[in-house]
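Peer 1: Take this structure, written in structure tokens, and hold onto it; I'll ask about it next.
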Amino acid sequence: MRARRKLTGWGPSKASRTVDIYWGNGLNVQQELLGLLDEVLSLRGRGALMTSDSKLLGAVPELDSMAVVAVLSAMEERFGITIDDDEIEGSAFATVGSLVDFVASKLPNA
Amino acid sequence: MPDSSGASIPFEAFFAEWGKGRRFCLLHRPPGAVAGAIVYVPPFAEELNKSRRMAALAARDLARSGWVVLQVDLMGCGDSEGDLSDASWDDWKLDVRCALDWLHRQTGVLPALWGLRAGCLLAVEAARELAYVPELLFWQPVLSGKQHMQQFLRLRVAANMLENGKGAETTESLRERLLAGEEVEVAGYALPPAVFLGFEHAKLDPIPGGGKLAWFELGAAEGDELSPAARSLADGWKRAGWDVAGQRLKGTSFWQTQEIEEAPSLLAATTSSLAGVTRGH
């Protein structure tokens, strides 16, 4: 399965780049991840309103350390990836975009 | 309990004596003719507690469709006798085999096996050792026992998780202690090596011979197909000759939610998947 990264740079800052990451049959990682966050954190639809710039750790009150554990487990199962202890850092959970990048870096490249 | 469908389904709660000590069992019988029999293998730790309601609702619905449903708390789990620290994966496989044997003798029908989460792994591992190939029903199966255990160990190190200067404990250090034969306490559960190792070696690999497998997942999205990781394993079962019906339904992950929740779509799909045909003879 092929992971295809499309980087569209626009606007003055790096933070506004759009990254569409697909896996295999066109699964959109960001979309899948926002659905996952909404479900695991019981955000009741707030997940659907987030963009890649949306801040997570420190900004979403539901995201405490136990919730991080739940999100990691859900990501492992939903995306079929394995996350080692030493790969887990606060910076991965900074924004939706950083978490998408983290997941994408673990997806298989055919 | 009030029942909107009209027919009230009785159930029996009792302790069965098999293996080491007594097992807490729940039995739902159909009001009329028996179309089939099925043993439910529950999930691990907190998932067991959170999913009891859904399991009971499904048992009731299946019984209404003609199924005799036996649910059993494994050794050291739930209301069964024994402590988790005295249990082992082999004890649990024995529990599943005893449950199947008991239900077979009760009904004259070769029972199917239904697992939720880690219960699917245990069901498959127990089924490998049976003299017949049971029909299988998977609810959101755990695909890797090793990963399930790592996720469980993470609960203990959760507070240290995001600190860049790592705490003294990691899931790896806890794993090493378990591999060295030491019991580890996690979230109030005394996890023994004999359970941990069983999980690590458990695989959702297909049982040779072929049969019928209904595989359900739940998700927030409307999508129909199993998630990519599950689909890949399900394809392996198809290649081994199994008739696999996989479906991802819209519903809440009731085995892990804060509040006790239900997934009606899963109940409906399960009942219709198992409905109609008389089996197990």
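By convention in this document, the chains of the structure tokens carry letters A, B, ... by their order, each chain's residues are numbered from 1, and ligands are numbered from 1 in the order they are shown.
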Residues of chain B were defined as contacting chain A if any atom lay at most 6 Å from it, counting only C-alpha atoms; please report them as a list in words.
Peer 2: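 Taking only C-alpha atoms into account, Ala158, Ala159, Leu162 and Ala229 of chain B sit within 6 Å of chain A.
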Peer 1: Keeping only N, CA and C atoms, write the selected residues as a PDB file, in the first residue's frame.
Peer 2:
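Full text of part.pdb as output:
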ATOM      1  N   ALA B 158       1.191   5.978  32.576  1.00  0.00           N
ATOM      2  CA  ALA B 158       0.499   7.094  31.915  1.00  0.00           C
ATOM      3  C   ALA B 158       0.979   8.463  32.377  1.00  0.00           C
ATOM      4  N   ALA B 159       1.153   8.622  33.672  1.00  0.00           N
ATOM      5  CA  ALA B 159       1.511   9.941  34.191  1.00  0.00           C
ATOM      6  C   ALA B 159       2.890  10.385  33.695  1.00  0.00           C
ATOM      7  N   LEU B 162       4.406  11.655  28.888  1.00  0.00           N
ATOM      8  CA  LEU B 162       4.768  12.767  28.015  1.00  0.00           C
ATOM      9  C   LEU B 162       5.967  13.561  28.513  1.00  0.00           C
ATOM     10  N   ALA B 229      -6.262  -2.586   9.087  1.00  0.00           N
ATOM     11  CA  ALA B 229      -5.515  -3.627   9.796  1.00  0.00           C
ATOM     12  C   ALA B 229      -6.352  -4.905   9.947  1.00  0.00           C
TER      13      ALA B 229
END
Peer 1: Write out as a ChimeraX atom specification which residues come within 9 Å of Gly97 of chain A when counting only C-alpha atoms, dropping same-chain ones fewer than 3 positions away.
Peer 2: /A:15,19,30,51-55,92-94,100-102
Peer 1: List the spatial neighbours of Ile207 of chain B as a ChimeraX atom specification - criterion: any atom at most 10 Å away, only C-alpha atoms, same-chain residues fewer than 4 positions off excluded.
Peer 2: /B:124-125,127-129,133-134,211,237,240-242
Peer 1: Quick one: pick out all alpha helix (DSSP H) residues within segment 31-170 of chain B from a backbone DSSP run and write them as a PyMOL selection string.
Peer 2: chain B and resi 46-64+89-107+118-127+145-157
Peer 1: Check the smallest atom-to-atom distance from each of B:Thr107, B:Gln256, B:Thr271, B:Gln247 to Asp61 of chain B using only C-alpha atoms, then report the winner.
Peer 2: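 Ranked by minimum distance to Asp61 of chain B, first place goes to B:Thr271.
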Peer 1: Which value, in Å to one decimal, gives the distance between atom CA of Arg44 of chain A and atom CA of Glu261 of chain B?
Peer 2: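 We find that atom CA of Arg44 of chain A and atom CA of Glu261 of chain B lie 14.2 Å from each other.
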Peer 1: Could you tell me which of B:Gly78, B:Pro43, B:Gly236, B:Pro141 comes closest to Trp215 of chain B if we count only C-alpha atoms?
Peer 2: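 The shortest atom-to-atom distance to Trp215 of chain B comes from B:Pro141.
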Peer 1: Could you list, as a list in words, every residue within 8 Å of Ala123 of chain B, counting only C-alpha atoms and ignoring same-chain residues fewer than 3 positions away?
Peer 2: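 Listing them by chain and then by number gives Val41, Lys93, Val96, Leu113, Trp114, Gly115, Gly119, Cys120, Ala126 and Ala127 of chain B.
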Peer 1: Write out the residues from the selection above, keeping C-alpha atoms, as a PDB file, in the first residue's frame.
Peer 2:
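Contents of again20.pdb, freshly written:
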ATOM      1  CA  VAL B  41     -15.772 -15.120  25.653  1.00  0.00           C
ATOM      2  CA  LYS B  93      -8.416 -21.769  27.352  1.00  0.00           C
ATOM      3  CA  VAL B  96     -13.570 -21.868  27.137  1.00  0.00           C
ATOM      4  CA  LEU B 113     -17.898 -19.080  19.757  1.00  0.00           C
ATOM      5  CA  TRP B 114     -18.437 -15.350  20.208  1.00  0.00           C
ATOM      6  CA  GLY B 115     -15.670 -13.084  21.432  1.00  0.00           C
ATOM      7  CA  GLY B 119     -12.081 -12.584  24.032  1.00  0.00           C
ATOM      8  CA  CYS B 120     -11.733 -13.122  20.270  1.00  0.00           C
ATOM      9  CA  ALA B 126      -9.033 -22.275  22.468  1.00  0.00           C
ATOM     10  CA  ALA B 127     -10.756 -23.265  19.216  1.00  0.00           C
TER      11      ALA B 127
END
Peer 1: Return as a PyMOL selection string the full set of residues in segment 33-240 of chain B whose backbone-based DSSP assignment is strand (DSSP E).
Peer 2: chain B and resi 36-41+67-72+112-116+136-139+184-186+189-191+212-219
Peer 1: What is the atom CA of Phe44 of chain B-atom CA of Leu197 of chain B distance in Å, reported with one decimal?
Peer 2: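 Going from atom CA of Phe44 of chain B over to atom CA of Leu197 of chain B, I get 14.3 Å.
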Peer 1: Quick one: pull the distance between atom CA of Leu49 of chain A and atom CA of Leu33 of chain A, Å, one decimal.
Peer 2: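 Computing the Euclidean distance for atom CA of Leu49 of chain A and atom CA of Leu33 of chain A yields 12.5 Å.
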Peer 1: Have a look at A:Val103, A:Leu43, A:Met75, A:Val96 and name the one nearest to Leu57 of chain A; count only C-alpha atoms.
Peer 2: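 The closest residue to Leu57 of chain A is A:Val96.
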